[in-house]
Amino acid sequence: MNDQQAGIARPEHGHRPGGQTMPAEPDASGARPPDGRTDRLPRTDRLLRAGRLRGRPMVASLVGLAVAISGCAASSSATSPSAAVPAAAGQTATRPAAEQSATPSAEQPVPQTPAGQAPDLPAPDVAIPTDPSRLARSLTTTTAQLRRAVDDWVRDGDPGKGQPPEPVVLLALHQQRVYRYLVRNPKVASRTYAKLPKALAGPAKDNVTAGRNLRSLVRPISGAAKFRVQPPEPADVLLGHFRRAERKFGVEWEVLAAVMFVETKFGRVRSPSHTGAKGPMQFMPGTWAAYGMGGDIQDSRDALLAAANYLHASGAPRDYRRALYAYNHSQAYVDAVLLHARQIKQDIRNYYAYYSWQVFVVTTRGDRRLTGP
């Protein structure tokens, strides 16, 4: 897993895939800046001067969750993956602008969609409401629109080629930012659940709980650090890799997808961890030698087969908790992966939504977005 993404310290022992690592989804993890704002980086930035890892690695996903984690099969790097177009190699990201999380003012009302008109897409940095009722409405509307956008993408587009269309990208980012806010504000989250439709309350609790678990494993970075990110392979190409690994080793593809989501945000984070973990599934070299089957540690297909091989040898599918704990010695990590996997099993559109979440890094000056619009 990725150090920054998972924010998890993973001790190396036995054939554990990684040492100290962080989730690729620092969304939900990370210290909140004094002014309550978070920072972001432009879409074309590939490298971010975010900070120096101190103590345990940071969680990158809260998934926004994806808050994502990394460092399981290897060790995570201090980055959080997301769907962004990388800049030229060696480019250093500029200082991100603050990302507001305050309730929209009178000048920024929550948009209402007139009947018969297509809904307006949320701007990347539109203010996130702080009132539970408005948060519930925002999450309900955004999730419904995101599901429709995913349906359109799968039906009329081609998830096997290229990156998600703009509606999916913008709606997924907004959903992610709402969840990140709820992760950082437990009391508000509890009040928001009660105002959500029953069908959404359960998934919301899963996403927020997963993000909070990952955040508990993270410490913000300070100083200067560079993180390399790149666009992931197309969603359906990865889906084919997941299913191939499931057929070969019997490890459910949804679990493999959740691990990759937490580790490197589906391969977006490409920096090696501070302990030497590499690749989209963050394998330590020694573990790769034992389970990589002669493949390329940087290749997504080979890395997923190796991860399935390792998890199977560690107890999956009979005992996923045992297998995932071997991958990353943290019960919080195990719980987060299984919660995300459950969401993917319940609705495959959640896989496409997670795939479209962005990469965030948690720093002492606030959360910073490395990828996205």
# chains A, B, ... in the order shown; residues from 1 in each chain; ligands from 1

$ residues_around --residues "A:Arg321" --least-positions-apart "2" --cutoff "10 Å" --atoms "only C-alpha atoms" --output "list in words"
Ser314, Gly315, Ala316, Pro317, Arg318, Asp319, Ala323, Leu324, Tyr325, Ala326, Tyr327, Gln331, Tyr333, Val334, Asp335, Val337 and Leu338 of chain A

$ write_last_selection --atoms "C-alpha atoms" --output "mmCIF file, in the first residue's frame"
data_model
loop_
_atom_site.group_PDB
_atom_site.id
_atom_site.type_symbol
_atom_site.label_atom_id
_atom_site.label_comp_id
_atom_site.auth_asym_id
_atom_site.auth_seq_id
_atom_site.Cartn_x
_atom_site.Cartn_y
_atom_site.Cartn_z
ATOM 1 C CA SER A 314 -2.566 -16.184 3.890
ATOM 2 C CA GLY A 315 -6.066 -17.652 4.259
ATOM 3 C CA ALA A 316 -8.395 -16.212 1.600
ATOM 4 C CA PRO A 317 -11.120 -16.898 0.649
ATOM 5 C CA ARG A 318 -11.760 -18.960 3.775
ATOM 6 C CA ASP A 319 -10.701 -16.187 6.149
ATOM 7 C CA ALA A 323 -5.466 -12.774 4.917
ATOM 8 C CA LEU A 324 -5.881 -9.004 4.899
ATOM 9 C CA TYR A 325 -4.243 -8.677 8.290
ATOM 10 C CA ALA A 326 -1.245 -10.504 6.859
ATOM 11 C CA TYR A 327 -1.249 -7.997 4.010
ATOM 12 C CA GLN A 331 -7.479 -4.216 12.079
ATOM 13 C CA TYR A 333 -7.095 -1.432 7.562
ATOM 14 C CA VAL A 334 -8.813 -4.810 7.376
ATOM 15 C CA ASP A 335 -12.174 -3.311 8.315
ATOM 16 C CA VAL A 337 -10.978 -2.843 2.907
ATOM 17 C CA LEU A 338 -13.912 -5.121 3.718
#

$ select_by_dssp --residues "stretch 126-331 of chain A" --states "strand (DSSP E or B)" --output "VMD selection string"
chain A and resid 221 to 222 229 269 278 283

$ write_last_selection --atoms "all heavy atoms" --output "short mmCIF file (atom, residue, chain, number, x, y, z; two decimals), in the first residue's frame"
data_model
loop_
_atom_site.label_atom_id
_atom_site.label_comp_id
_atom_site.auth_asym_id
_atom_site.auth_seq_id
_atom_site.Cartn_x
_atom_site.Cartn_y
_atom_site.Cartn_z
N ILE A 221 2.00 14.85 6.98
CA ILE A 221 3.39 15.09 6.64
C ILE A 221 3.67 16.59 6.68
O ILE A 221 2.78 17.41 6.53
CB ILE A 221 3.73 14.54 5.24
CG1 ILE A 221 2.83 15.18 4.19
CG2 ILE A 221 3.60 13.04 5.22
CD1 ILE A 221 3.17 14.78 2.79
N SER A 222 4.93 16.92 6.89
CA SER A 222 5.34 18.32 6.89
C SER A 222 6.66 18.41 6.14
O SER A 222 7.33 17.41 5.94
CB SER A 222 5.52 18.83 8.33
OG SER A 222 6.54 18.11 8.98
N VAL A 229 2.34 10.60 -9.62
CA VAL A 229 1.05 9.98 -9.92
C VAL A 229 0.90 9.90 -11.43
O VAL A 229 1.57 10.61 -12.18
CB VAL A 229 -0.12 10.78 -9.31
CG1 VAL A 229 -0.01 10.81 -7.81
CG2 VAL A 229 -0.17 12.20 -9.87
N VAL A 269 -0.97 6.17 -7.82
CA VAL A 269 0.24 6.54 -7.09
C VAL A 269 1.39 5.63 -7.51
O VAL A 269 1.28 4.42 -7.41
CB VAL A 269 0.02 6.42 -5.57
CG1 VAL A 269 1.32 6.72 -4.83
CG2 VAL A 269 -1.07 7.38 -5.13
N LYS A 278 6.88 -1.20 -3.80
CA LYS A 278 6.75 -0.71 -5.17
C LYS A 278 5.49 -1.23 -5.84
O LYS A 278 4.91 -2.23 -5.44
CB LYS A 278 7.96 -1.15 -6.00
CG LYS A 278 9.30 -0.62 -5.50
CD LYS A 278 10.44 -1.15 -6.37
CE LYS A 278 11.80 -0.65 -5.89
NZ LYS A 278 12.90 -1.19 -6.72
N PHE A 283 4.30 -3.90 -3.20
CA PHE A 283 5.02 -5.07 -2.72
C PHE A 283 6.44 -4.73 -2.32
O PHE A 283 7.13 -3.96 -3.00
CB PHE A 283 5.09 -6.15 -3.82
CG PHE A 283 3.94 -7.11 -3.81
CD1 PHE A 283 2.80 -6.86 -4.53
CD2 PHE A 283 4.02 -8.28 -3.07
CE1 PHE A 283 1.74 -7.76 -4.53
CE2 PHE A 283 2.97 -9.18 -3.06
CZ PHE A 283 1.83 -8.92 -3.79
#

$ atom_distance --atom1 "atom CA of A:Ala172" --atom2 "atom CA of A:Asp367"
17.5 Å

$ residues_around --residues "A:Arg243" --least-positions-apart "4" --cutoff "12 Å" --atoms "only C-alpha atoms" --output "PyMOL selection string"
chain A and resi 236-239+247-257+301+304-305+308

$ write_last_selection --atoms "N, CA, C and O atoms" --output "short mmCIF file (atom, residue, chain, number, x, y, z; two decimals), in the first residue's frame"
data_model
loop_
_atom_site.label_atom_id
_atom_site.label_comp_id
_atom_site.auth_asym_id
_atom_site.auth_seq_id
_atom_site.Cartn_x
_atom_site.Cartn_y
_atom_site.Cartn_z
N ASP A 236 -12.39 -0.86 -17.03
CA ASP A 236 -12.75 -2.22 -17.42
C ASP A 236 -11.53 -3.09 -17.70
O ASP A 236 -11.62 -4.33 -17.64
N VAL A 237 -10.40 -2.47 -18.02
CA VAL A 237 -9.16 -3.24 -18.16
C VAL A 237 -8.76 -3.79 -16.79
O VAL A 237 -8.43 -4.97 -16.63
N LEU A 238 -8.83 -2.92 -15.77
CA LEU A 238 -8.54 -3.38 -14.41
C LEU A 238 -9.56 -4.42 -13.96
O LEU A 238 -9.20 -5.41 -13.30
N LEU A 239 -10.82 -4.22 -14.32
CA LEU A 239 -11.85 -5.18 -13.95
C LEU A 239 -11.52 -6.57 -14.52
O LEU A 239 -11.71 -7.59 -13.84
N ARG A 247 -10.32 -15.89 -10.71
CA ARG A 247 -10.44 -17.23 -11.27
C ARG A 247 -9.23 -18.09 -10.93
O ARG A 247 -9.37 -19.29 -10.67
N LYS A 248 -8.07 -17.50 -10.89
CA LYS A 248 -6.85 -18.27 -10.67
C LYS A 248 -6.65 -18.65 -9.21
O LYS A 248 -6.21 -19.76 -8.90
N PHE A 249 -6.99 -17.73 -8.28
CA PHE A 249 -6.68 -17.98 -6.87
C PHE A 249 -7.90 -18.02 -5.95
O PHE A 249 -7.75 -18.26 -4.75
N GLY A 250 -9.09 -17.76 -6.49
CA GLY A 250 -10.28 -17.85 -5.67
C GLY A 250 -10.52 -16.68 -4.74
O GLY A 250 -11.40 -16.73 -3.88
N VAL A 251 -9.76 -15.61 -4.90
CA VAL A 251 -9.94 -14.42 -4.07
C VAL A 251 -10.92 -13.49 -4.78
O VAL A 251 -10.72 -13.14 -5.95
N GLU A 252 -11.99 -13.11 -4.10
CA GLU A 252 -13.04 -12.30 -4.73
C GLU A 252 -12.47 -11.03 -5.35
O GLU A 252 -11.68 -10.32 -4.73
N TRP A 253 -12.93 -10.73 -6.56
CA TRP A 253 -12.39 -9.58 -7.27
C TRP A 253 -12.70 -8.27 -6.54
O TRP A 253 -11.90 -7.33 -6.57
N GLU A 254 -13.84 -8.24 -5.85
CA GLU A 254 -14.20 -7.02 -5.13
C GLU A 254 -13.21 -6.72 -4.00
O GLU A 254 -12.92 -5.56 -3.69
N VAL A 255 -12.70 -7.77 -3.36
CA VAL A 255 -11.70 -7.58 -2.30
C VAL A 255 -10.39 -7.08 -2.90
O VAL A 255 -9.75 -6.16 -2.37
N LEU A 256 -9.99 -7.66 -4.02
CA LEU A 256 -8.77 -7.20 -4.69
C LEU A 256 -8.92 -5.74 -5.12
O LEU A 256 -7.98 -4.94 -4.99
N ALA A 257 -10.10 -5.38 -5.62
CA ALA A 257 -10.32 -4.00 -6.04
C ALA A 257 -10.25 -3.05 -4.85
O ALA A 257 -9.68 -1.96 -4.94
N ARG A 301 -1.54 -6.09 -14.00
CA ARG A 301 -2.00 -7.48 -14.12
C ARG A 301 -1.15 -8.40 -13.28
O ARG A 301 -1.67 -9.23 -12.51
N LEU A 304 -1.67 -7.74 -9.45
CA LEU A 304 -2.93 -8.26 -8.91
C LEU A 304 -2.89 -9.78 -8.78
O LEU A 304 -3.43 -10.33 -7.81
N LEU A 305 -2.26 -10.45 -9.72
CA LEU A 305 -2.11 -11.90 -9.59
C LEU A 305 -1.26 -12.23 -8.36
O LEU A 305 -1.57 -13.16 -7.61
N ALA A 308 -3.34 -11.66 -5.20
CA ALA A 308 -4.28 -12.76 -5.00
C ALA A 308 -3.54 -14.01 -4.52
O ALA A 308 -4.04 -14.74 -3.66
#

$ closest_residue --among "A:Asn207, A:Gln145, A:Gln358, A:Thr130" --to "A:Pro231" --atoms "only C-alpha atoms"
A:Gln358

$ closest_residue --among "A:Ala201, A:Leu311, A:Val183, A:Ala189" --to "A:Thr143" --atoms "only C-alpha atoms"
A:Ala201

$ residues_around --residues "A:Trp153" --least-positions-apart "6" --cutoff "9 Å" --atoms "only C-alpha atoms" --output "number ranges by chain"
A: 159, 164-165, 168

$ write_last_selection --atoms "N, CA and C atoms" --output "mmCIF file, in the first residue's frame"
data_model
loop_
_atom_site.group_PDB
_atom_site.id
_atom_site.type_symbol
_atom_site.label_atom_id
_atom_site.label_comp_id
_atom_site.auth_asym_id
_atom_site.auth_seq_id
_atom_site.Cartn_x
_atom_site.Cartn_y
_atom_site.Cartn_z
ATOM 1 N N PRO A 159 -15.745 2.109 -20.822
ATOM 2 C CA PRO A 159 -14.855 2.085 -19.649
ATOM 3 C C PRO A 159 -13.587 1.263 -19.882
ATOM 4 N N PRO A 164 -12.757 8.351 -17.184
ATOM 5 C CA PRO A 164 -14.191 8.619 -17.058
ATOM 6 C C PRO A 164 -14.577 9.943 -17.699
ATOM 7 N N PRO A 165 -15.815 10.064 -18.165
ATOM 8 C CA PRO A 165 -16.292 11.335 -18.740
ATOM 9 C C PRO A 165 -16.450 12.382 -17.649
ATOM 10 N N VAL A 168 -18.985 12.031 -14.643
ATOM 11 C CA VAL A 168 -18.574 11.056 -13.628
ATOM 12 C C VAL A 168 -17.457 11.634 -12.772
#

$ select_by_dssp --residues "stretch 168-262 of chain A" --states "helix (DSSP H, G or I)" --output "MDAnalysis selection string"
chainID A and resid 168:184 186:193 198:215 235:249 253:262

$ write_last_selection --atoms "C-alpha atoms" --output "short mmCIF file (atom, residue, chain, number, x, y, z; two decimals), in the first residue's frame"
data_model
loop_
_atom_site.label_atom_id
_atom_site.label_comp_id
_atom_site.auth_asym_id
_atom_site.auth_seq_id
_atom_site.Cartn_x
_atom_site.Cartn_y
_atom_site.Cartn_z
CA VAL A 168 -18.57 11.06 -13.63
CA VAL A 169 -15.35 12.85 -12.66
CA LEU A 170 -17.06 15.92 -11.21
CA LEU A 171 -19.84 14.06 -9.42
CA ALA A 172 -17.45 11.48 -7.97
CA LEU A 173 -15.16 14.24 -6.70
CA HIS A 174 -18.06 16.03 -5.04
CA GLN A 175 -19.28 12.81 -3.43
CA GLN A 176 -15.75 12.14 -2.21
CA ARG A 177 -15.40 15.62 -0.73
CA VAL A 178 -18.73 15.27 1.13
CA TYR A 179 -17.54 11.99 2.62
CA ARG A 180 -14.21 13.53 3.55
CA TYR A 181 -16.05 16.23 5.46
CA LEU A 182 -18.18 13.66 7.27
CA VAL A 183 -15.08 11.67 8.19
CA ARG A 184 -13.54 14.73 9.80
CA PRO A 186 -18.22 12.60 13.45
CA LYS A 187 -21.00 14.47 15.26
CA VAL A 188 -22.23 16.06 12.05
CA ALA A 189 -22.00 12.66 10.32
CA SER A 190 -24.24 11.03 12.95
CA ARG A 191 -26.88 13.71 12.48
CA THR A 192 -26.59 13.46 8.69
CA TYR A 193 -27.23 9.68 8.62
CA LYS A 198 -32.69 4.41 4.21
CA ALA A 199 -31.09 3.00 1.06
CA LEU A 200 -28.24 5.51 1.29
CA ALA A 201 -27.72 5.64 5.05
CA GLY A 202 -26.04 2.23 5.19
CA PRO A 203 -23.57 2.87 2.35
CA ALA A 204 -22.81 6.30 3.79
CA LYS A 205 -21.95 4.79 7.17
CA ASP A 206 -19.71 2.20 5.47
CA ASN A 207 -17.81 4.84 3.51
CA VAL A 208 -17.40 7.17 6.46
CA THR A 209 -16.39 4.36 8.82
CA ALA A 210 -13.82 3.09 6.32
CA GLY A 211 -12.42 6.58 5.91
CA ARG A 212 -12.27 7.14 9.63
CA ASN A 213 -10.45 3.83 10.13
CA LEU A 214 -7.82 4.80 7.59
CA ARG A 215 -7.49 8.28 9.00
CA ALA A 235 -11.65 0.80 -15.41
CA ASP A 236 -12.75 -2.22 -17.42
CA VAL A 237 -9.16 -3.24 -18.16
CA LEU A 238 -8.54 -3.38 -14.41
CA LEU A 239 -11.85 -5.18 -13.95
CA GLY A 240 -10.58 -7.87 -16.32
CA HIS A 241 -7.38 -8.18 -14.27
CA PHE A 242 -9.38 -8.50 -11.03
CA ARG A 243 -11.58 -11.24 -12.43
CA ARG A 244 -8.63 -13.11 -13.90
CA ALA A 245 -6.92 -13.13 -10.51
CA GLU A 246 -10.16 -14.30 -8.87
CA ARG A 247 -10.44 -17.23 -11.27
CA LYS A 248 -6.85 -18.27 -10.67
CA PHE A 249 -6.68 -17.98 -6.87
CA TRP A 253 -12.39 -9.58 -7.27
CA GLU A 254 -14.20 -7.02 -5.13
CA VAL A 255 -11.70 -7.58 -2.30
CA LEU A 256 -8.77 -7.20 -4.69
CA ALA A 257 -10.32 -4.00 -6.04
CA ALA A 258 -10.78 -2.62 -2.53
CA VAL A 259 -7.16 -3.38 -1.67
CA MET A 260 -5.89 -1.64 -4.81
CA PHE A 261 -8.20 1.29 -4.12
CA VAL A 262 -6.81 1.73 -0.62
#

$ atom_distance --atom1 "atom CA of A:Ala149" --atom2 "atom CA of A:Arg369"
22.9 Å

$ atom_distance --atom1 "atom CA of A:Glu263" --atom2 "atom CA of A:Gly279"
9.7 Å

$ residues_around --residues "A:Pro232" --least-positions-apart "4" --cutoff "12 Å" --atoms "only C-alpha atoms" --output "count of residues only"
34

$ residues_around --residues "A:Val150" --least-positions-apart "6" --cutoff "8 Å" --atoms "only C-alpha atoms" --output "list in words"
Val168, Arg349, Tyr352 and Ala353 of chain A

$ write_last_selection --atoms "C-alpha atoms" --output "compact mmCIF listing (two decimals), in the first residue's frame"
# COMPACT_ATOMS: atom_id res chain seq x y z
CA VAL A 168 -18.57 11.06 -13.63
CA ARG A 349 -21.49 1.21 -9.90
CA TYR A 352 -16.74 2.89 -11.04
CA ALA A 353 -17.35 5.65 -8.48

$ decode --residues "stretch 171-184 of chain A" --atoms "all heavy atoms" --output "mmCIF file, in the first residue's frame"
data_model
loop_
_atom_site.group_PDB
_atom_site.id
_atom_site.type_symbol
_atom_site.label_atom_id
_atom_site.label_comp_id
_atom_site.auth_asym_id
_atom_site.auth_seq_id
_atom_site.Cartn_x
_atom_site.Cartn_y
_atom_site.Cartn_z
ATOM 1 N N LEU A 171 -18.915 14.560 -10.432
ATOM 2 C CA LEU A 171 -19.845 14.058 -9.424
ATOM 3 C C LEU A 171 -19.132 13.159 -8.412
ATOM 4 O O LEU A 171 -19.419 13.220 -7.209
ATOM 5 C CB LEU A 171 -20.997 13.307 -10.099
ATOM 6 C CG LEU A 171 -21.964 14.195 -10.884
ATOM 7 C CD1 LEU A 171 -22.839 13.352 -11.816
ATOM 8 C CD2 LEU A 171 -22.855 15.012 -9.928
ATOM 9 N N ALA A 172 -18.198 12.342 -8.889
ATOM 10 C CA ALA A 172 -17.449 11.481 -7.972
ATOM 11 C C ALA A 172 -16.586 12.316 -7.031
ATOM 12 O O ALA A 172 -16.473 12.012 -5.838
ATOM 13 C CB ALA A 172 -16.579 10.502 -8.761
ATOM 14 N N LEU A 173 -15.977 13.374 -7.550
ATOM 15 C CA LEU A 173 -15.162 14.238 -6.705
ATOM 16 C C LEU A 173 -16.020 14.908 -5.633
ATOM 17 O O LEU A 173 -15.617 14.994 -4.462
ATOM 18 C CB LEU A 173 -14.461 15.300 -7.553
ATOM 19 C CG LEU A 173 -13.678 16.373 -6.777
ATOM 20 C CD1 LEU A 173 -12.589 15.746 -5.915
ATOM 21 C CD2 LEU A 173 -13.083 17.401 -7.745
ATOM 22 N N HIS A 174 -17.191 15.366 -6.025
ATOM 23 C CA HIS A 174 -18.061 16.026 -5.041
ATOM 24 C C HIS A 174 -18.514 15.031 -3.970
ATOM 25 O O HIS A 174 -18.523 15.354 -2.775
ATOM 26 C CB HIS A 174 -19.271 16.644 -5.737
ATOM 27 C CG HIS A 174 -20.048 17.575 -4.862
ATOM 28 N ND1 HIS A 174 -19.567 18.802 -4.460
ATOM 29 C CD2 HIS A 174 -21.271 17.449 -4.279
ATOM 30 C CE1 HIS A 174 -20.445 19.402 -3.680
ATOM 31 N NE2 HIS A 174 -21.491 18.591 -3.549
ATOM 32 N N GLN A 175 -18.892 13.846 -4.397
ATOM 33 C CA GLN A 175 -19.275 12.811 -3.433
ATOM 34 C C GLN A 175 -18.125 12.524 -2.473
ATOM 35 O O GLN A 175 -18.312 12.434 -1.251
ATOM 36 C CB GLN A 175 -19.664 11.529 -4.176
ATOM 37 C CG GLN A 175 -20.085 10.393 -3.250
ATOM 38 C CD GLN A 175 -20.162 9.064 -3.978
ATOM 39 O OE1 GLN A 175 -19.166 8.597 -4.548
ATOM 40 N NE2 GLN A 175 -21.351 8.445 -3.978
ATOM 41 N N GLN A 176 -16.939 12.405 -3.014
ATOM 42 C CA GLN A 176 -15.749 12.135 -2.207
ATOM 43 C C GLN A 176 -15.502 13.250 -1.193
ATOM 44 O O GLN A 176 -15.189 12.995 -0.031
ATOM 45 C CB GLN A 176 -14.544 11.979 -3.134
ATOM 46 C CG GLN A 176 -13.234 11.695 -2.438
ATOM 47 C CD GLN A 176 -12.073 11.643 -3.424
ATOM 48 O OE1 GLN A 176 -12.183 12.127 -4.558
ATOM 49 N NE2 GLN A 176 -10.975 11.052 -3.003
ATOM 50 N N ARG A 177 -15.651 14.488 -1.623
ATOM 51 C CA ARG A 177 -15.404 15.623 -0.728
ATOM 52 C C ARG A 177 -16.446 15.683 0.397
ATOM 53 O O ARG A 177 -16.128 16.047 1.534
ATOM 54 C CB ARG A 177 -15.392 16.931 -1.525
ATOM 55 C CG ARG A 177 -14.196 17.045 -2.475
ATOM 56 C CD ARG A 177 -14.234 18.355 -3.259
ATOM 57 N NE ARG A 177 -14.204 19.490 -2.351
ATOM 58 C CZ ARG A 177 -14.997 20.548 -2.446
ATOM 59 N NH1 ARG A 177 -15.928 20.611 -3.397
ATOM 60 N NH2 ARG A 177 -14.891 21.543 -1.595
ATOM 61 N N VAL A 178 -17.697 15.320 0.074
ATOM 62 C CA VAL A 178 -18.725 15.273 1.126
ATOM 63 C C VAL A 178 -18.349 14.218 2.157
ATOM 64 O O VAL A 178 -18.409 14.453 3.378
ATOM 65 C CB VAL A 178 -20.109 14.970 0.528
ATOM 66 C CG1 VAL A 178 -21.125 14.674 1.640
ATOM 67 C CG2 VAL A 178 -20.595 16.138 -0.323
ATOM 68 N N TYR A 179 -17.929 13.044 1.687
ATOM 69 C CA TYR A 179 -17.542 11.988 2.618
ATOM 70 C C TYR A 179 -16.314 12.386 3.434
ATOM 71 O O TYR A 179 -16.224 12.073 4.624
ATOM 72 C CB TYR A 179 -17.277 10.682 1.859
ATOM 73 C CG TYR A 179 -18.531 9.907 1.538
ATOM 74 C CD1 TYR A 179 -18.764 9.422 0.252
ATOM 75 C CD2 TYR A 179 -19.482 9.648 2.527
ATOM 76 C CE1 TYR A 179 -19.913 8.697 -0.045
ATOM 77 C CE2 TYR A 179 -20.630 8.937 2.236
ATOM 78 C CZ TYR A 179 -20.841 8.453 0.949
ATOM 79 O OH TYR A 179 -21.984 7.743 0.668
ATOM 80 N N ARG A 180 -15.395 13.071 2.821
ATOM 81 C CA ARG A 180 -14.212 13.531 3.553
ATOM 82 C C ARG A 180 -14.629 14.460 4.696
ATOM 83 O O ARG A 180 -14.077 14.396 5.797
ATOM 84 C CB ARG A 180 -13.253 14.264 2.604
ATOM 85 C CG ARG A 180 -12.508 13.364 1.651
ATOM 86 C CD ARG A 180 -11.751 14.187 0.613
ATOM 87 N NE ARG A 180 -10.798 15.086 1.247
ATOM 88 C CZ ARG A 180 -9.562 14.730 1.601
ATOM 89 N NH1 ARG A 180 -9.160 13.511 1.384
ATOM 90 N NH2 ARG A 180 -8.750 15.605 2.139
ATOM 91 N N TYR A 181 -15.588 15.318 4.410
ATOM 92 C CA TYR A 181 -16.055 16.235 5.458
ATOM 93 C C TYR A 181 -16.706 15.445 6.595
ATOM 94 O O TYR A 181 -16.492 15.729 7.779
ATOM 95 C CB TYR A 181 -17.049 17.240 4.876
ATOM 96 C CG TYR A 181 -17.559 18.221 5.913
ATOM 97 C CD1 TYR A 181 -16.812 19.334 6.275
ATOM 98 C CD2 TYR A 181 -18.773 18.001 6.558
ATOM 99 C CE1 TYR A 181 -17.257 20.218 7.256
ATOM 100 C CE2 TYR A 181 -19.228 18.873 7.536
ATOM 101 C CZ TYR A 181 -18.462 19.982 7.879
ATOM 102 O OH TYR A 181 -18.898 20.838 8.859
ATOM 103 N N LEU A 182 -17.517 14.465 6.257
ATOM 104 C CA LEU A 182 -18.182 13.663 7.274
ATOM 105 C C LEU A 182 -17.183 12.849 8.093
ATOM 106 O O LEU A 182 -17.379 12.652 9.298
ATOM 107 C CB LEU A 182 -19.208 12.734 6.621
ATOM 108 C CG LEU A 182 -20.390 13.429 5.936
ATOM 109 C CD1 LEU A 182 -21.275 12.409 5.227
ATOM 110 C CD2 LEU A 182 -21.212 14.227 6.960
ATOM 111 N N VAL A 183 -16.119 12.407 7.468
ATOM 112 C CA VAL A 183 -15.079 11.668 8.192
ATOM 113 C C VAL A 183 -14.442 12.558 9.245
ATOM 114 O O VAL A 183 -14.156 12.133 10.363
ATOM 115 C CB VAL A 183 -14.008 11.147 7.214
ATOM 116 C CG1 VAL A 183 -12.762 10.691 7.974
ATOM 117 C CG2 VAL A 183 -14.566 9.985 6.400
ATOM 118 N N ARG A 184 -14.214 13.813 8.880
ATOM 119 C CA ARG A 184 -13.542 14.734 9.801
ATOM 120 C C ARG A 184 -14.479 15.273 10.892
ATOM 121 O O ARG A 184 -14.014 15.878 11.856
ATOM 122 C CB ARG A 184 -12.946 15.921 9.027
ATOM 123 C CG ARG A 184 -11.854 15.549 8.043
ATOM 124 C CD ARG A 184 -11.119 16.799 7.557
ATOM 125 N NE ARG A 184 -11.999 17.751 6.914
ATOM 126 C CZ ARG A 184 -12.262 17.769 5.611
ATOM 127 N NH1 ARG A 184 -11.730 16.851 4.825
ATOM 128 N NH2 ARG A 184 -13.048 18.690 5.105
#
